[in-house]
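One structure is given here, and the rest of the page talks about it.
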Amino acid sequence: MSKSPYQTMSSSEPAPLSTDLMLPIPIHERFLVINPQTSSPFFSGLIPPEIRDAIFDYALTEYTRTDAESIYPVDTAYTRPGYTGKRSISISFLLTCRRIYKETYHLPATHKEHVFWHGRSPTVLVGDENERYYFRRFTEWQMKSIKEIHLFTQLFWLENSFPRLCAQECLQGMERMTITIRRGDWWWNESNTPLGIIPQRRHSDNAQMMKDWKDEKEGKQIPWDSKAWGSAFARLGSLKELVMELETSDDKKDELMAIVEKAKTWRFPYKNGTVLSAEGLREEVSTWQGPMCNWSGHCPYCGLRGKCKVVSPPNKGCEERTRLKAENKGPICYVVRLRWRVVKGGQ
Ligand SMILES: [Zn+2]
């Protein structure tokens with residue numbers, strides 16, 4: 001039987017003096033007498049450790065708050081599945097006893113999804129790049145527990161500001177990054193412009209993307225511009241996995257799927273002869289009913305602003321759009337989730 005890492009606290013032993021607590025040493029690094037809590041089913045052997053860990057994880061899972069002030073309005077660019085209101089993690093579990101604290105102190109920082117909205121965000125941000133401000137509030141040991149970051153980015157932000165962000169110190173421990181490009185995040189989505197995204201270039205548009213695809217088909221290689229967003233992952237010190245979620249509305253599904261097929265071949269340059277590759281990783285597709293703000297100003301089926309063109313027989317797309325708008329509903333949105341992992345460059 002291995003020796004317990006915890007000192008037994010008998011009733012005759014007083015708790016350490018509060019002066020200890022005044023020291024600027026994290027609680028988990030302090031020498032504290034800890035009751036092993038062997039009468040608790042968590043620690044008596046009754047509940048197996050892996051089940052106990054799962055319960056602790058669950059108790060410290062982030063949840064969406066349901067009070068009126070925390071719920072996001074429905075018709076916004078940021079309200080979407082999984083993001084319907086402000087979130088919290090209840091940390092009262094950490095106050096149960098010292099043993100629980102010692103085992104779970106790091107979980108809130110790990111379990112919280114560290115989300116940043118670059119454009120169309122639910123909160124007023126301090127500048128466009130608020131990651132540095134946000135992570136400044138974490139302690140050094142908390143930062144060591146944070147391995148993931150999720151960015152919602154408009155394409156213009158991805159192209160202009162993302163490379164600068166990747167060089168920031170606070171991102172150097174991130175092992176997993178998720179980037180979501182929503183229905184309204186593509187260039188000129190308001191006027192229903194065809195989708196375009198080119199990771200090798202500083203700026204994307206559909207015409208250039210089509211030209212590049214044609215050139216690639218003919219065997220030409222599109223060089224990676226060192227200042228393009230697709231080159232910026234190499235600035236992240238610890239990245240192991242990249243996830244990209246690409247979203248558009250029903251009428252642009254075919255455009256999106258063509259981009260997805262191309263995206264599966266993107267090999268983002270990384271460090272020391274490695275690249276980020278999607279090879280062997282399957283994409284996941286999901287759908288949801290978007291809000292009204294996801295309709296572009298121009299009808300995607302007849303091209304008119306305002307009321308649709310009257311034609312005989314009626315345009316089915318226009319009819320469906322008119323019906324959904326009358327019900328205060330937006331278009332069906334498609335989200336494709338793609339993954340890339342670090343592999344050797346030659347693979
Ligand atoms: Zn129409």
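Chains: A, B, ... in order of the structure tokens. Residues: from 1 per chain. Ligands: from 1, in order shown.
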So which residues are near ligand 1, meaning at most 10 Å away with only C-alpha atoms and all ligand atoms counted, given back as a PyMOL selection string?
chain A and resi 298-311+314-322
Using N, CA and C atoms, can you write the selected residues to a file as an mmCIF file, in the first residue's frame?
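again-v9.cif, freshly written:
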```
data_model
loop_
_atom_site.group_PDB
_atom_site.id
_atom_site.type_symbol
_atom_site.label_atom_id
_atom_site.label_comp_id
_atom_site.auth_asym_id
_atom_site.auth_seq_id
_atom_site.Cartn_x
_atom_site.Cartn_y
_atom_site.Cartn_z
ATOM 1 N N HIS A 298 -29.536 41.009 -49.701
ATOM 2 C CA HIS A 298 -30.058 40.603 -51.004
ATOM 3 C C HIS A 298 -30.592 39.172 -50.903
ATOM 4 N N CYS A 299 -31.738 38.954 -51.504
ATOM 5 C CA CYS A 299 -32.262 37.577 -51.546
ATOM 6 C C CYS A 299 -31.288 36.719 -52.361
ATOM 7 N N PRO A 300 -30.842 35.602 -51.809
ATOM 8 C CA PRO A 300 -29.869 34.785 -52.542
ATOM 9 C C PRO A 300 -30.473 34.077 -53.752
ATOM 10 N N TYR A 301 -31.802 34.057 -53.842
ATOM 11 C CA TYR A 301 -32.443 33.302 -54.927
ATOM 12 C C TYR A 301 -32.838 34.184 -56.116
ATOM 13 N N CYS A 302 -33.274 35.430 -55.831
ATOM 14 C CA CYS A 302 -33.645 36.296 -56.966
ATOM 15 C C CYS A 302 -32.748 37.532 -57.040
ATOM 16 N N GLY A 303 -31.936 37.730 -56.020
ATOM 17 C CA GLY A 303 -30.957 38.823 -56.057
ATOM 18 C C GLY A 303 -31.504 40.186 -55.671
ATOM 19 N N LEU A 304 -32.803 40.289 -55.379
ATOM 20 C CA LEU A 304 -33.381 41.604 -55.053
ATOM 21 C C LEU A 304 -33.240 41.937 -53.574
ATOM 22 N N ARG A 305 -33.190 43.205 -53.295
ATOM 23 C CA ARG A 305 -33.277 43.647 -51.904
ATOM 24 C C ARG A 305 -34.754 43.809 -51.565
ATOM 25 N N GLY A 306 -35.106 43.674 -50.300
ATOM 26 C CA GLY A 306 -36.513 43.828 -49.913
ATOM 27 C C GLY A 306 -37.343 42.664 -50.433
ATOM 28 N N LYS A 307 -38.479 43.008 -51.091
ATOM 29 C CA LYS A 307 -39.396 41.949 -51.558
ATOM 30 C C LYS A 307 -38.805 41.198 -52.746
ATOM 31 N N CYS A 308 -39.164 39.911 -52.848
ATOM 32 C CA CYS A 308 -38.618 39.060 -53.910
ATOM 33 C C CYS A 308 -39.272 39.345 -55.264
ATOM 34 N N LYS A 309 -38.545 38.988 -56.324
ATOM 35 C CA LYS A 309 -39.046 39.139 -57.684
ATOM 36 C C LYS A 309 -40.245 38.197 -57.883
ATOM 37 N N VAL A 310 -41.304 38.706 -58.505
ATOM 38 C CA VAL A 310 -42.487 37.863 -58.768
ATOM 39 C C VAL A 310 -42.294 37.185 -60.118
ATOM 40 N N VAL A 311 -42.218 35.871 -60.107
ATOM 41 C CA VAL A 311 -42.048 35.119 -61.353
ATOM 42 C C VAL A 311 -43.031 33.952 -61.370
ATOM 43 N N PRO A 314 -43.457 30.326 -59.251
ATOM 44 C CA PRO A 314 -42.700 31.005 -58.187
ATOM 45 C C PRO A 314 -41.369 30.325 -57.895
ATOM 46 N N ASN A 315 -40.372 31.126 -57.530
ATOM 47 C CA ASN A 315 -39.051 30.605 -57.156
ATOM 48 C C ASN A 315 -39.167 29.945 -55.775
ATOM 49 N N LYS A 316 -38.873 28.662 -55.709
ATOM 50 C CA LYS A 316 -39.055 27.912 -54.444
ATOM 51 C C LYS A 316 -38.186 28.470 -53.315
ATOM 52 N N GLY A 317 -36.947 28.869 -53.675
ATOM 53 C CA GLY A 317 -36.034 29.440 -52.675
ATOM 54 C C GLY A 317 -36.617 30.717 -52.086
ATOM 55 N N CYS A 318 -37.142 31.581 -52.983
ATOM 56 C CA CYS A 318 -37.741 32.846 -52.529
ATOM 57 C C CYS A 318 -38.942 32.568 -51.620
ATOM 58 N N GLU A 319 -39.741 31.587 -52.012
ATOM 59 C CA GLU A 319 -40.941 31.259 -51.209
ATOM 60 C C GLU A 319 -40.557 30.805 -49.805
ATOM 61 N N GLU A 320 -39.548 29.945 -49.735
ATOM 62 C CA GLU A 320 -39.111 29.421 -48.428
ATOM 63 C C GLU A 320 -38.531 30.548 -47.572
ATOM 64 N N ARG A 321 -37.763 31.415 -48.219
ATOM 65 C CA ARG A 321 -37.164 32.543 -47.494
ATOM 66 C C ARG A 321 -38.265 33.458 -46.941
ATOM 67 N N THR A 322 -39.274 33.730 -47.749
ATOM 68 C CA THR A 322 -40.388 34.588 -47.331
ATOM 69 C C THR A 322 -41.138 33.946 -46.161
#
```
DSSP helix (DSSP H, G or I) residues within stretch 164-333 of chain A, listed as a PyMOL selection string
chain A and resi 164-166+169-171+183-185+189-191+206-217+229-235+250-263+292-294+316-326
Create the file for the chosen residues now, containing C-alpha atoms and written as a PDB file, in the first residue's frame.
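Output contents, as saved in part_7.pdb:
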```pdb
ATOM      1  CA  ARG A 164      -0.036  39.486 -34.475  1.00  0.00           C
ATOM      2  CA  LEU A 165      -2.059  37.596 -31.882  1.00  0.00           C
ATOM      3  CA  CYS A 166      -0.187  34.334 -32.471  1.00  0.00           C
ATOM      4  CA  GLU A 169       3.299  35.400 -24.955  1.00  0.00           C
ATOM      5  CA  CYS A 170      -0.037  34.404 -23.412  1.00  0.00           C
ATOM      6  CA  LEU A 171      -0.752  32.017 -26.288  1.00  0.00           C
ATOM      7  CA  ARG A 183     -22.254  32.888 -41.555  1.00  0.00           C
ATOM      8  CA  GLY A 184     -21.733  36.625 -41.179  1.00  0.00           C
ATOM      9  CA  ASP A 185     -17.944  36.532 -40.810  1.00  0.00           C
ATOM     10  CA  ASN A 189     -21.672  38.618 -46.504  1.00  0.00           C
ATOM     11  CA  GLU A 190     -24.198  41.471 -46.303  1.00  0.00           C
ATOM     12  CA  SER A 191     -24.426  41.534 -50.092  1.00  0.00           C
ATOM     13  CA  ASN A 206     -13.650  34.334 -54.392  1.00  0.00           C
ATOM     14  CA  ALA A 207     -12.115  35.405 -57.719  1.00  0.00           C
ATOM     15  CA  GLN A 208      -8.546  34.964 -56.458  1.00  0.00           C
ATOM     16  CA  MET A 209      -9.462  31.698 -54.756  1.00  0.00           C
ATOM     17  CA  MET A 210     -10.902  30.290 -57.990  1.00  0.00           C
ATOM     18  CA  LYS A 211      -7.791  31.360 -59.880  1.00  0.00           C
ATOM     19  CA  ASP A 212      -5.554  29.720 -57.272  1.00  0.00           C
ATOM     20  CA  TRP A 213      -7.573  26.505 -57.379  1.00  0.00           C
ATOM     21  CA  LYS A 214      -7.218  26.429 -61.177  1.00  0.00           C
ATOM     22  CA  ASP A 215      -3.472  27.075 -60.923  1.00  0.00           C
ATOM     23  CA  GLU A 216      -3.102  24.313 -58.315  1.00  0.00           C
ATOM     24  CA  LYS A 217      -4.973  21.900 -60.555  1.00  0.00           C
ATOM     25  CA  TRP A 229      -2.979  34.063 -41.427  1.00  0.00           C
ATOM     26  CA  GLY A 230      -2.204  30.517 -42.529  1.00  0.00           C
ATOM     27  CA  SER A 231       1.485  31.091 -41.837  1.00  0.00           C
ATOM     28  CA  ALA A 232       0.860  32.421 -38.340  1.00  0.00           C
ATOM     29  CA  PHE A 233       0.341  29.073 -36.586  1.00  0.00           C
ATOM     30  CA  ALA A 234       4.100  28.618 -36.709  1.00  0.00           C
ATOM     31  CA  ARG A 235       4.338  31.420 -34.135  1.00  0.00           C
ATOM     32  CA  ASP A 250     -28.355  26.875 -46.845  1.00  0.00           C
ATOM     33  CA  ASP A 251     -28.186  28.862 -50.101  1.00  0.00           C
ATOM     34  CA  LYS A 252     -24.370  28.880 -50.005  1.00  0.00           C
ATOM     35  CA  LYS A 253     -23.914  25.278 -48.923  1.00  0.00           C
ATOM     36  CA  ASP A 254     -22.353  24.170 -52.228  1.00  0.00           C
ATOM     37  CA  GLU A 255     -19.809  27.022 -52.046  1.00  0.00           C
ATOM     38  CA  LEU A 256     -18.924  25.988 -48.503  1.00  0.00           C
ATOM     39  CA  MET A 257     -18.574  22.304 -49.344  1.00  0.00           C
ATOM     40  CA  ALA A 258     -16.211  23.119 -52.215  1.00  0.00           C
ATOM     41  CA  ILE A 259     -14.075  25.133 -49.769  1.00  0.00           C
ATOM     42  CA  VAL A 260     -14.188  22.255 -47.270  1.00  0.00           C
ATOM     43  CA  GLU A 261     -12.832  19.841 -49.882  1.00  0.00           C
ATOM     44  CA  LYS A 262      -9.973  22.249 -50.577  1.00  0.00           C
ATOM     45  CA  ALA A 263      -9.418  22.958 -46.871  1.00  0.00           C
ATOM     46  CA  MET A 292     -33.028  36.520 -38.769  1.00  0.00           C
ATOM     47  CA  CYS A 293     -29.783  38.503 -38.886  1.00  0.00           C
ATOM     48  CA  ASN A 294     -28.243  35.670 -40.906  1.00  0.00           C
ATOM     49  CA  LYS A 316     -39.055  27.912 -54.444  1.00  0.00           C
ATOM     50  CA  GLY A 317     -36.034  29.440 -52.675  1.00  0.00           C
ATOM     51  CA  CYS A 318     -37.741  32.846 -52.529  1.00  0.00           C
ATOM     52  CA  GLU A 319     -40.941  31.259 -51.209  1.00  0.00           C
ATOM     53  CA  GLU A 320     -39.111  29.421 -48.428  1.00  0.00           C
ATOM     54  CA  ARG A 321     -37.164  32.543 -47.494  1.00  0.00           C
ATOM     55  CA  THR A 322     -40.388  34.588 -47.331  1.00  0.00           C
ATOM     56  CA  ARG A 323     -42.059  31.894 -45.194  1.00  0.00           C
ATOM     57  CA  LEU A 324     -39.163  31.682 -42.718  1.00  0.00           C
ATOM     58  CA  LYS A 325     -38.876  35.462 -42.426  1.00  0.00           C
ATOM     59  CA  ALA A 326     -42.627  35.677 -41.676  1.00  0.00           C
TER      60      ALA A 326
END
```
Give me the residues within 7 Å of stretch 145-148 of chain A as an MDAnalysis selection string, counting only C-alpha atoms and dropping any in the same chain fewer than 2 places off.
chainID A and resid 106 109:110 141:143 150 173:177
Grab the residues selected above and save them as a compact mmCIF listing (two decimals), in the first residue's frame with C-alpha atoms.
```
# COMPACT_ATOMS: atom_id res chain seq x y z
CA HIS A 106 -6.75 23.51 -11.31
CA ALA A 109 -9.09 27.15 -15.40
CA THR A 110 -8.88 23.93 -17.42
CA TRP A 141 -0.02 28.28 -12.28
CA GLN A 142 -3.47 28.80 -13.79
CA MET A 143 -1.91 29.66 -17.13
CA HIS A 150 -11.51 29.33 -29.09
CA GLY A 173 1.15 27.31 -23.97
CA MET A 174 -1.93 26.64 -26.13
CA GLU A 175 -2.02 23.11 -27.52
CA ARG A 176 -5.38 23.35 -29.22
CA MET A 177 -6.93 26.26 -31.09
```
Run DSSP on the backbone and tell me which residues of stretch 80-280 of chain A come out as strand (DSSP E or B); list them as a ChimeraX atom specification.
/A:80,83,85,87-88,115-118,148-153,176-181,241-249,267-269,274-277
Report, in Å with one decimal, the straight-line distance from atom CA of A:Tyr334 to atom CA of A:Val285.
7.0 Å
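Proximity to A:Cys97 was assessed for A:Arg30, A:Gly297, A:Gln37, A:Leu281 counting only C-alpha atoms; the smallest distance is recorded for A:Gln37.
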